[in-house]
$ cat structure_30.txt   # compact mmCIF, N, CA, C and O atoms
# COMPACT_ATOMS: atom_id res chain seq x y z
N MET A 268 98.82 18.75 82.79
CA MET A 268 98.26 17.45 82.59
C MET A 268 98.54 16.53 83.78
O MET A 268 97.98 15.46 83.86
N ASN A 269 99.40 16.97 84.69
CA ASN A 269 99.73 16.16 85.86
C ASN A 269 98.67 16.38 86.93
O ASN A 269 98.58 17.44 87.52
N SER A 270 97.86 15.35 87.19
CA SER A 270 96.78 15.49 88.17
C SER A 270 97.09 14.76 89.48
O SER A 270 96.22 14.60 90.31
N PHE A 271 98.32 14.33 89.66
CA PHE A 271 98.71 13.62 90.88
C PHE A 271 98.76 14.59 92.04
O PHE A 271 99.36 15.66 91.97
N VAL A 272 98.11 14.20 93.13
CA VAL A 272 98.15 14.99 94.36
C VAL A 272 98.75 14.10 95.44
O VAL A 272 98.22 13.03 95.74
N ALA A 273 99.85 14.52 96.00
CA ALA A 273 100.53 13.73 97.02
C ALA A 273 99.66 13.68 98.29
O ALA A 273 99.10 14.69 98.69
N PRO A 274 99.55 12.49 98.90
CA PRO A 274 98.73 12.40 100.12
C PRO A 274 99.43 13.10 101.28
O PRO A 274 100.65 13.14 101.37
N GLU A 275 98.62 13.62 102.17
CA GLU A 275 99.16 14.22 103.38
C GLU A 275 99.39 13.11 104.40
O GLU A 275 98.46 12.35 104.72
N ILE A 276 100.59 12.98 104.90
CA ILE A 276 100.94 11.92 105.85
C ILE A 276 101.23 12.57 107.19
O ILE A 276 102.06 13.47 107.29
N GLN A 277 100.56 12.11 108.23
CA GLN A 277 100.78 12.62 109.58
C GLN A 277 101.83 11.75 110.26
O GLN A 277 101.52 10.71 110.83
N TRP A 278 103.07 12.18 110.18
CA TRP A 278 104.19 11.38 110.67
C TRP A 278 104.14 11.18 112.18
O TRP A 278 104.54 10.12 112.67
N ALA A 279 103.65 12.14 112.92
CA ALA A 279 103.57 11.99 114.38
C ALA A 279 102.63 10.86 114.76
O ALA A 279 102.88 10.13 115.71
N ALA A 280 101.55 10.70 114.03
CA ALA A 280 100.61 9.62 114.31
C ALA A 280 101.19 8.25 113.96
O ALA A 280 100.81 7.24 114.54
N LEU A 281 102.10 8.23 113.02
CA LEU A 281 102.74 6.97 112.62
C LEU A 281 103.98 6.65 113.46
O LEU A 281 104.61 5.62 113.26
N SER A 282 104.35 7.52 114.39
CA SER A 282 105.60 7.37 115.12
C SER A 282 105.74 6.05 115.89
O SER A 282 106.83 5.47 115.87
N PRO A 283 104.71 5.48 116.55
CA PRO A 283 104.92 4.19 117.21
C PRO A 283 105.28 3.07 116.22
O PRO A 283 106.16 2.25 116.49
N ILE A 284 104.64 3.08 115.08
CA ILE A 284 104.92 2.07 114.06
C ILE A 284 106.33 2.27 113.49
O ILE A 284 107.06 1.31 113.27
N LEU A 285 106.71 3.52 113.28
CA LEU A 285 108.03 3.82 112.72
C LEU A 285 109.15 3.45 113.69
O LEU A 285 110.23 3.01 113.25
N VAL A 286 108.91 3.60 114.99
CA VAL A 286 109.93 3.23 115.98
C VAL A 286 110.19 1.73 115.93
O VAL A 286 111.34 1.28 115.93
N VAL A 287 109.13 0.95 115.87
CA VAL A 287 109.29 -0.51 115.83
C VAL A 287 109.95 -0.95 114.52
O VAL A 287 110.85 -1.80 114.52
N ALA A 288 109.55 -0.36 113.41
CA ALA A 288 110.16 -0.70 112.12
C ALA A 288 111.64 -0.28 112.09
O ALA A 288 112.49 -1.02 111.58
N GLY A 289 111.94 0.89 112.64
CA GLY A 289 113.33 1.33 112.69
C GLY A 289 114.19 0.43 113.57
O GLY A 289 115.36 0.15 113.25
N ALA A 290 113.62 -0.06 114.67
CA ALA A 290 114.35 -0.98 115.53
C ALA A 290 114.62 -2.30 114.83
O ALA A 290 115.68 -2.91 115.02
N ALA A 291 113.69 -2.74 114.01
CA ALA A 291 113.91 -3.98 113.25
C ALA A 291 115.07 -3.81 112.27
O ALA A 291 115.93 -4.70 112.16
N ILE A 292 115.10 -2.69 111.59
CA ILE A 292 116.20 -2.42 110.66
C ILE A 292 117.52 -2.30 111.42
O ILE A 292 118.55 -2.84 111.00
N LEU A 293 117.49 -1.61 112.54
CA LEU A 293 118.69 -1.46 113.36
C LEU A 293 119.18 -2.81 113.88
O LEU A 293 120.39 -3.07 113.93
N GLY A 294 118.25 -3.70 114.24
CA GLY A 294 118.63 -5.04 114.70
C GLY A 294 119.35 -5.83 113.63
O GLY A 294 120.31 -6.56 113.92
N VAL A 295 118.92 -5.70 112.39
CA VAL A 295 119.60 -6.40 111.29
C VAL A 295 121.00 -5.82 111.09
O VAL A 295 121.97 -6.56 110.88
N LEU A 296 121.12 -4.49 111.17
CA LEU A 296 122.44 -3.87 111.03
C LEU A 296 123.37 -4.26 112.16
O LEU A 296 124.57 -4.48 111.94
N VAL A 297 122.84 -4.38 113.37
CA VAL A 297 123.65 -4.81 114.51
C VAL A 297 124.15 -6.23 114.29
O VAL A 297 125.32 -6.54 114.54
N ALA A 298 123.27 -7.11 113.82
CA ALA A 298 123.67 -8.49 113.57
C ALA A 298 124.76 -8.58 112.51
O ALA A 298 125.58 -9.50 112.52
N THR A 299 124.79 -7.60 111.63
CA THR A 299 125.78 -7.61 110.56
C THR A 299 127.10 -6.98 110.97
O THR A 299 128.17 -7.51 110.64
N PHE A 300 127.06 -5.87 111.69
CA PHE A 300 128.27 -5.08 111.88
C PHE A 300 128.86 -5.06 113.29
O PHE A 300 130.01 -4.68 113.46
N VAL A 301 128.11 -5.43 114.31
CA VAL A 301 128.63 -5.39 115.67
C VAL A 301 129.40 -6.68 115.95
O VAL A 301 128.95 -7.77 115.58
N PRO A 302 130.55 -6.60 116.62
CA PRO A 302 131.32 -7.81 116.92
C PRO A 302 130.51 -8.79 117.78
O PRO A 302 129.67 -8.39 118.59
N ALA A 303 130.78 -10.07 117.61
CA ALA A 303 130.01 -11.12 118.28
C ALA A 303 130.08 -11.01 119.80
O ALA A 303 129.14 -11.42 120.49
N SER A 304 131.16 -10.46 120.33
CA SER A 304 131.30 -10.38 121.79
C SER A 304 130.27 -9.46 122.44
O SER A 304 129.84 -9.70 123.57
N SER A 305 129.84 -8.43 121.75
CA SER A 305 128.87 -7.50 122.34
C SER A 305 127.53 -7.47 121.60
O SER A 305 126.66 -6.69 121.94
N ARG A 306 127.37 -8.33 120.61
CA ARG A 306 126.16 -8.33 119.79
C ARG A 306 124.91 -8.62 120.60
O ARG A 306 123.89 -7.96 120.46
N ARG A 307 124.96 -9.63 121.48
CA ARG A 307 123.77 -10.02 122.24
C ARG A 307 123.28 -8.88 123.12
O ARG A 307 122.09 -8.60 123.19
N THR A 308 124.20 -8.20 123.79
CA THR A 308 123.83 -7.10 124.68
C THR A 308 123.14 -5.98 123.90
O THR A 308 122.11 -5.46 124.34
N VAL A 309 123.68 -5.63 122.76
CA VAL A 309 123.11 -4.56 121.95
C VAL A 309 121.74 -4.97 121.42
O VAL A 309 120.78 -4.18 121.45
N GLN A 310 121.62 -6.21 120.96
CA GLN A 310 120.34 -6.66 120.42
C GLN A 310 119.26 -6.73 121.50
O GLN A 310 118.11 -6.36 121.25
N VAL A 311 119.61 -7.18 122.68
CA VAL A 311 118.63 -7.23 123.77
C VAL A 311 118.20 -5.81 124.15
O VAL A 311 117.01 -5.55 124.39
N PHE A 312 119.15 -4.89 124.20
CA PHE A 312 118.81 -3.50 124.50
C PHE A 312 117.85 -2.93 123.47
O PHE A 312 116.84 -2.30 123.83
N ILE A 313 118.12 -3.15 122.20
CA ILE A 313 117.24 -2.65 121.14
C ILE A 313 115.87 -3.31 121.23
O ILE A 313 114.84 -2.65 121.10
N ALA A 314 115.86 -4.63 121.48
CA ALA A 314 114.59 -5.36 121.54
C ALA A 314 113.73 -4.91 122.71
O ALA A 314 112.50 -4.99 122.64
N LEU A 315 114.32 -4.45 123.79
CA LEU A 315 113.55 -3.98 124.93
C LEU A 315 113.25 -2.48 124.84
O LEU A 315 112.20 -2.03 125.30
N ALA A 316 114.13 -1.71 124.26
CA ALA A 316 113.94 -0.26 124.18
C ALA A 316 112.88 0.13 123.15
O ALA A 316 112.13 1.09 123.38
N ALA A 317 112.79 -0.59 122.05
CA ALA A 317 111.84 -0.22 121.00
C ALA A 317 110.39 -0.32 121.46
O ALA A 317 109.63 0.64 121.28
N PRO A 318 109.95 -1.44 122.06
CA PRO A 318 108.56 -1.46 122.54
C PRO A 318 108.29 -0.46 123.66
O PRO A 318 107.19 0.09 123.75
N LEU A 319 109.29 -0.20 124.50
CA LEU A 319 109.10 0.81 125.55
C LEU A 319 108.90 2.20 124.94
O LEU A 319 108.02 2.95 125.35
N ALA A 320 109.73 2.54 123.96
CA ALA A 320 109.58 3.83 123.29
C ALA A 320 108.25 3.90 122.55
O ALA A 320 107.56 4.94 122.58
N ALA A 321 107.85 2.80 121.93
CA ALA A 321 106.56 2.78 121.24
C ALA A 321 105.41 2.94 122.23
O ALA A 321 104.42 3.64 121.94
N LEU A 322 105.52 2.35 123.43
CA LEU A 322 104.48 2.50 124.44
C LEU A 322 104.35 3.97 124.89
O LEU A 322 103.24 4.46 125.09
N VAL A 323 105.46 4.64 125.03
CA VAL A 323 105.43 6.05 125.41
C VAL A 323 104.73 6.86 124.31
O VAL A 323 103.88 7.71 124.59
N LEU A 324 105.07 6.58 123.07
CA LEU A 324 104.44 7.30 121.96
C LEU A 324 102.96 6.97 121.84
O LEU A 324 102.14 7.83 121.52
N ILE A 325 102.59 5.72 122.11
CA ILE A 325 101.19 5.32 122.07
C ILE A 325 100.41 6.06 123.16
O ILE A 325 99.29 6.53 122.92
N ALA A 326 100.99 6.17 124.35
CA ALA A 326 100.32 6.91 125.43
C ALA A 326 100.13 8.38 125.05
O ALA A 326 99.07 8.96 125.30
N TRP A 327 101.14 8.96 124.42
CA TRP A 327 101.04 10.35 123.96
C TRP A 327 99.93 10.49 122.92
O TRP A 327 99.11 11.40 122.99
N ARG A 328 99.89 9.58 121.95
CA ARG A 328 98.86 9.62 120.91
C ARG A 328 97.48 9.36 121.49
O ARG A 328 96.50 9.95 121.06
N PHE A 329 97.40 8.47 122.50
CA PHE A 329 96.11 8.16 123.11
C PHE A 329 95.53 9.40 123.79
O PHE A 329 94.33 9.65 123.71
N ASN A 330 96.39 10.17 124.46
CA ASN A 330 95.92 11.42 125.08
C ASN A 330 95.38 12.39 124.04
O ASN A 330 94.40 13.09 124.29
N LEU A 331 95.98 12.44 122.87
CA LEU A 331 95.49 13.32 121.81
C LEU A 331 94.18 12.81 121.23
O LEU A 331 93.27 13.59 120.95
N VAL A 332 94.07 11.49 121.06
CA VAL A 332 92.86 10.91 120.49
C VAL A 332 91.68 11.08 121.44
O VAL A 332 90.57 11.41 121.03
N VAL A 333 91.92 10.85 122.74
CA VAL A 333 90.85 11.03 123.72
C VAL A 333 90.43 12.50 123.75
O VAL A 333 89.26 12.81 123.96
N GLY A 334 91.36 13.39 123.50
CA GLY A 334 91.05 14.81 123.45
C GLY A 334 90.26 15.22 122.22
O GLY A 334 89.90 16.38 122.06
N GLY A 335 90.01 14.30 121.30
CA GLY A 335 89.15 14.60 120.16
C GLY A 335 89.85 14.68 118.83
O GLY A 335 89.28 15.14 117.85
N SER A 336 91.09 14.23 118.72
CA SER A 336 91.79 14.33 117.45
C SER A 336 91.85 12.99 116.73
O SER A 336 92.82 12.68 116.06
N GLU A 337 90.78 12.19 116.85
CA GLU A 337 90.69 10.93 116.11
C GLU A 337 90.80 11.23 114.63
O GLU A 337 90.21 12.17 114.12
N SER A 338 91.57 10.42 113.91
CA SER A 338 91.82 10.80 112.53
C SER A 338 92.10 9.57 111.67
O SER A 338 92.31 8.47 112.16
N THR A 339 92.09 9.82 110.38
CA THR A 339 92.58 8.83 109.43
C THR A 339 93.89 9.35 108.88
O THR A 339 94.09 10.55 108.74
N LEU A 340 94.78 8.43 108.60
CA LEU A 340 96.13 8.79 108.18
C LEU A 340 96.39 8.27 106.78
O LEU A 340 95.73 7.35 106.31
N VAL A 341 97.40 8.78 106.16
CA VAL A 341 97.89 8.33 104.87
C VAL A 341 96.73 8.25 103.87
O VAL A 341 96.37 7.18 103.38
N ALA A 342 96.12 9.37 103.63
CA ALA A 342 95.03 9.50 102.65
C ALA A 342 93.86 8.57 102.97
O ALA A 342 93.28 7.97 102.09
N GLY A 343 93.54 8.42 104.24
CA GLY A 343 92.39 7.61 104.64
C GLY A 343 92.61 6.12 104.69
O GLY A 343 91.66 5.35 104.85
N GLN A 344 93.84 5.66 104.57
CA GLN A 344 94.11 4.23 104.53
C GLN A 344 94.39 3.61 105.89
O GLN A 344 94.42 2.40 106.02
N LEU A 345 94.59 4.42 106.90
CA LEU A 345 94.92 3.93 108.24
C LEU A 345 94.18 4.79 109.25
O LEU A 345 94.23 6.01 109.18
N ALA A 346 93.46 4.14 110.17
CA ALA A 346 92.69 4.88 111.17
C ALA A 346 93.44 4.92 112.49
O ALA A 346 94.10 3.95 112.87
N GLU A 347 93.33 6.04 113.17
CA GLU A 347 93.89 6.16 114.51
C GLU A 347 92.75 6.54 115.44
O GLU A 347 92.22 7.64 115.38
N ASP A 348 92.35 5.56 116.28
CA ASP A 348 91.30 5.82 117.25
C ASP A 348 91.67 5.08 118.54
O ASP A 348 92.72 4.44 118.62
N GLY A 349 90.83 5.18 119.55
CA GLY A 349 91.11 4.57 120.85
C GLY A 349 91.38 3.07 120.79
O GLY A 349 92.41 2.60 121.29
N PRO A 350 90.48 2.27 120.17
CA PRO A 350 90.73 0.83 120.12
C PRO A 350 92.01 0.45 119.38
O PRO A 350 92.70 -0.49 119.77
N THR A 351 92.33 1.19 118.35
CA THR A 351 93.57 0.91 117.62
C THR A 351 94.79 1.11 118.51
O THR A 351 95.70 0.27 118.54
N LEU A 352 94.81 2.19 119.25
CA LEU A 352 95.95 2.48 120.12
C LEU A 352 96.02 1.51 121.30
O LEU A 352 97.12 1.12 121.71
N VAL A 353 94.87 1.08 121.82
CA VAL A 353 94.88 0.07 122.89
C VAL A 353 95.44 -1.24 122.36
O VAL A 353 96.26 -1.89 123.02
N PHE A 354 95.04 -1.64 121.16
CA PHE A 354 95.57 -2.87 120.56
C PHE A 354 97.07 -2.77 120.34
O PHE A 354 97.81 -3.72 120.60
N GLN A 355 97.55 -1.62 119.87
CA GLN A 355 98.99 -1.43 119.69
C GLN A 355 99.72 -1.52 121.02
O GLN A 355 100.81 -2.11 121.11
N ALA A 356 99.14 -0.96 122.08
CA ALA A 356 99.77 -1.02 123.41
C ALA A 356 99.83 -2.46 123.92
O ALA A 356 100.86 -2.87 124.48
N VAL A 357 98.77 -3.23 123.70
CA VAL A 357 98.77 -4.64 124.12
C VAL A 357 99.84 -5.41 123.37
O VAL A 357 100.58 -6.22 123.96
N LEU A 358 99.97 -5.18 122.07
CA LEU A 358 101.02 -5.85 121.29
C LEU A 358 102.41 -5.48 121.80
O LEU A 358 103.31 -6.34 121.87
N CYS A 359 102.63 -4.22 122.15
CA CYS A 359 103.93 -3.80 122.68
C CYS A 359 104.21 -4.46 124.03
O CYS A 359 105.34 -4.86 124.30
N LEU A 360 103.19 -4.59 124.87
CA LEU A 360 103.39 -5.27 126.16
C LEU A 360 103.72 -6.74 125.96
O LEU A 360 104.61 -7.28 126.64
N PHE A 361 103.02 -7.40 125.04
CA PHE A 361 103.35 -8.80 124.73
C PHE A 361 104.78 -8.92 124.20
O PHE A 361 105.50 -9.86 124.53
N ALA A 362 105.18 -7.98 123.36
CA ALA A 362 106.54 -7.99 122.82
C ALA A 362 107.56 -7.82 123.93
O ALA A 362 108.59 -8.51 123.96
N LEU A 363 107.31 -6.92 124.86
CA LEU A 363 108.23 -6.72 125.99
C LEU A 363 108.38 -7.99 126.82
O LEU A 363 109.50 -8.39 127.16
N VAL A 364 107.27 -8.62 127.15
CA VAL A 364 107.33 -9.85 127.93
C VAL A 364 108.05 -10.94 127.14
O VAL A 364 108.91 -11.65 127.68
N GLY A 365 107.72 -11.06 125.88
CA GLY A 365 108.37 -12.08 125.04
C GLY A 365 109.87 -11.87 124.92
O GLY A 365 110.65 -12.81 125.02
N PHE A 366 110.28 -10.62 124.69
CA PHE A 366 111.71 -10.33 124.57
C PHE A 366 112.43 -10.55 125.89
O PHE A 366 113.56 -11.04 125.92
N ALA A 367 111.78 -10.20 127.00
CA ALA A 367 112.41 -10.40 128.31
C ALA A 367 112.60 -11.88 128.60
O ALA A 367 113.66 -12.31 129.08
N VAL A 368 111.60 -12.69 128.29
CA VAL A 368 111.72 -14.14 128.50
C VAL A 368 112.79 -14.71 127.58
O VAL A 368 113.62 -15.52 128.01
N MET A 369 112.78 -14.29 126.34
CA MET A 369 113.76 -14.79 125.38
C MET A 369 115.18 -14.40 125.81
O MET A 369 116.10 -15.21 125.74
N ALA A 370 115.36 -13.17 126.27
CA ALA A 370 116.69 -12.71 126.68
C ALA A 370 117.19 -13.47 127.90
O ALA A 370 118.39 -13.74 128.02
N SER A 371 116.29 -13.86 128.78
CA SER A 371 116.71 -14.59 129.97
C SER A 371 117.05 -16.05 129.65
O SER A 371 117.82 -16.68 130.37
N LYS A 372 116.52 -16.58 128.56
CA LYS A 372 116.75 -17.99 128.21
C LYS A 372 117.93 -18.18 127.25
O LYS A 372 118.42 -19.29 127.12
N LEU A 373 118.38 -17.13 126.61
CA LEU A 373 119.48 -17.26 125.66
C LEU A 373 120.79 -17.50 126.41
O LEU A 373 121.04 -16.86 127.43
N PRO A 374 121.61 -18.39 125.92
CA PRO A 374 122.90 -18.62 126.60
C PRO A 374 123.84 -17.43 126.39
O PRO A 374 123.85 -16.78 125.36
N GLN A 375 124.64 -17.17 127.40
CA GLN A 375 125.66 -16.12 127.32
C GLN A 375 126.84 -16.64 126.52
O GLN A 375 127.22 -17.80 126.65
N ARG A 376 127.45 -15.79 125.74
CA ARG A 376 128.63 -16.22 124.96
C ARG A 376 129.87 -15.65 125.56
O ARG A 376 129.98 -14.66 126.10
$ encode --input "structure_30.txt" --output "structure tokens"
Amino acid sequence: MNSFVAPEIQWAALSPILVVAGAAILGVLVATFVPASSRRTVQVFIALAAPLAALVLIAWRFNLVVGGSESTLVAGQLAEDGPTLVFQAVLCLFALVGFAVMASKLPQR
């Protein structure tokens, strides 16, 4: 009587999004558990490393999509195509610039 069918999730296609979400969770944990003397350095590193890692993954996914593996993910609820990946890359670049400006303006403790 159980007619539930679990959706197939392509985790590799979701990897840029997962990296950014994981960095956000890690940033909250750093704010909670890292001593104040080194907290800023760790947070700036995470804030700059996550968009860079996401950009690398986006470039990898873009090469696959251009090669013809355009797809829908999570049971058709999320599309992965060229314009989507370009938009994600632009957002990551804006995040990098924003984090770099913010890190340079924050006072040292």
$ atom_distance --input "structure_30.txt" --atom1 "CA of Cys359 (chain A)" --atom2 "atom O of Pro318 (chain A)"
5.2 Å
$ residues_around --input "structure_30.txt" --residues "Val297 (chain A)" --least-positions-apart "6" --cutoff "8 Å" --atoms "only N, CA, C and O atoms" --output "PDB file with N, CA, C and O atoms, in the coordinates of the input"
ATOM      1  N   ALA A 290     113.620  -0.060 114.670  1.00  0.00           N
ATOM      2  CA  ALA A 290     114.350  -0.980 115.530  1.00  0.00           C
ATOM      3  C   ALA A 290     114.620  -2.300 114.830  1.00  0.00           C
ATOM      4  O   ALA A 290     115.680  -2.910 115.020  1.00  0.00           O
ATOM      5  N   ALA A 291     113.690  -2.740 114.010  1.00  0.00           N
ATOM      6  CA  ALA A 291     113.910  -3.980 113.250  1.00  0.00           C
ATOM      7  C   ALA A 291     115.070  -3.810 112.270  1.00  0.00           C
ATOM      8  O   ALA A 291     115.930  -4.700 112.160  1.00  0.00           O
ATOM      9  N   ALA A 303     130.780 -10.070 117.610  1.00  0.00           N
ATOM     10  CA  ALA A 303     130.010 -11.120 118.280  1.00  0.00           C
ATOM     11  C   ALA A 303     130.080 -11.010 119.800  1.00  0.00           C
ATOM     12  O   ALA A 303     129.140 -11.420 120.490  1.00  0.00           O
ATOM     13  N   SER A 305     129.840  -8.430 121.750  1.00  0.00           N
ATOM     14  CA  SER A 305     128.870  -7.500 122.340  1.00  0.00           C
ATOM     15  C   SER A 305     127.530  -7.470 121.600  1.00  0.00           C
ATOM     16  O   SER A 305     126.660  -6.690 121.940  1.00  0.00           O
ATOM     17  N   ARG A 306     127.370  -8.330 120.610  1.00  0.00           N
ATOM     18  CA  ARG A 306     126.160  -8.330 119.790  1.00  0.00           C
ATOM     19  C   ARG A 306     124.910  -8.620 120.600  1.00  0.00           C
ATOM     20  O   ARG A 306     123.890  -7.960 120.460  1.00  0.00           O
ATOM     21  N   ARG A 307     124.960  -9.630 121.480  1.00  0.00           N
ATOM     22  CA  ARG A 307     123.770 -10.020 122.240  1.00  0.00           C
ATOM     23  C   ARG A 307     123.280  -8.880 123.120  1.00  0.00           C
ATOM     24  O   ARG A 307     122.090  -8.600 123.190  1.00  0.00           O
ATOM     25  N   VAL A 309     123.680  -5.630 122.760  1.00  0.00           N
ATOM     26  CA  VAL A 309     123.110  -4.560 121.950  1.00  0.00           C
ATOM     27  C   VAL A 309     121.740  -4.970 121.420  1.00  0.00           C
ATOM     28  O   VAL A 309     120.780  -4.180 121.450  1.00  0.00           O
ATOM     29  N   GLN A 310     121.620  -6.210 120.960  1.00  0.00           N
ATOM     30  CA  GLN A 310     120.340  -6.660 120.420  1.00  0.00           C
ATOM     31  C   GLN A 310     119.260  -6.730 121.500  1.00  0.00           C
ATOM     32  O   GLN A 310     118.110  -6.360 121.250  1.00  0.00           O
TER      33      GLN A 310
END
$ atom_distance --input "structure_30.txt" --atom1 "atom O of Ile284 (chain A)" --atom2 "CA of Phe300 (chain A)"
22.2 Å
$ select_by_dssp --input "structure_30.txt" --residues "region 273-310 of chain A" --states "alpha helix (DSSP H)" --output "ChimeraX atom specification"
/A:282-300,303-310
$ atom_distance --input "structure_30.txt" --atom1 "CA of Val333 (chain A)" --atom2 "CA of Ala346 (chain A)"
14.1 Å
$ closest_residue --input "structure_30.txt" --among "A:Val311, A:Leu296, A:Ala326, A:Leu331" --to "Ala367 (chain A)" --atoms "all atoms listed in the file"
A:Val311
$ closest_residue --input "structure_30.txt" --among "A:Leu324, A:Val332, A:Ala316, A:Ala342" --to "Val272 (chain A)" --atoms "only C-alpha atoms"
A:Ala342
$ select_by_dssp --input "structure_30.txt" --residues "chain A" --states "strand (DSSP E)" --output "mmCIF file with N, CA, C and O atoms, in the coordinates of the input"
data_model
loop_
_atom_site.group_PDB
_atom_site.id
_atom_site.type_symbol
_atom_site.label_atom_id
_atom_site.label_comp_id
_atom_site.auth_asym_id
_atom_site.auth_seq_id
_atom_site.Cartn_x
_atom_site.Cartn_y
_atom_site.Cartn_z
ATOM 1 N N SER A 338 91.570 10.420 113.910
ATOM 2 C CA SER A 338 91.820 10.800 112.530
ATOM 3 C C SER A 338 92.100 9.570 111.670
ATOM 4 O O SER A 338 92.310 8.470 112.160
ATOM 5 N N THR A 339 92.090 9.820 110.380
ATOM 6 C CA THR A 339 92.580 8.830 109.430
ATOM 7 C C THR A 339 93.890 9.350 108.880
ATOM 8 O O THR A 339 94.090 10.550 108.740
ATOM 9 N N LEU A 340 94.780 8.430 108.600
ATOM 10 C CA LEU A 340 96.130 8.790 108.180
ATOM 11 C C LEU A 340 96.390 8.270 106.780
ATOM 12 O O LEU A 340 95.730 7.350 106.310
ATOM 13 N N LEU A 345 94.590 4.420 106.900
ATOM 14 C CA LEU A 345 94.920 3.930 108.240
ATOM 15 C C LEU A 345 94.180 4.790 109.250
ATOM 16 O O LEU A 345 94.230 6.010 109.180
ATOM 17 N N ALA A 346 93.460 4.140 110.170
ATOM 18 C CA ALA A 346 92.690 4.880 111.170
ATOM 19 C C ALA A 346 93.440 4.920 112.490
ATOM 20 O O ALA A 346 94.100 3.950 112.870
ATOM 21 N N GLU A 347 93.330 6.040 113.170
ATOM 22 C CA GLU A 347 93.890 6.160 114.510
ATOM 23 C C GLU A 347 92.750 6.540 115.440
ATOM 24 O O GLU A 347 92.220 7.640 115.380
#
$ closest_residue --input "structure_30.txt" --among "A:Ala273, A:Val301, A:Ala314, A:Ala280" --to "Glu347 (chain A)" --atoms "only N, CA, C and O atoms"
A:Ala280
$ closest_residue --input "structure_30.txt" --among "A:Leu315, A:Thr351, A:Trp327, A:Leu340" --to "Val368 (chain A)" --atoms "only C-alpha atoms"
A:Leu315
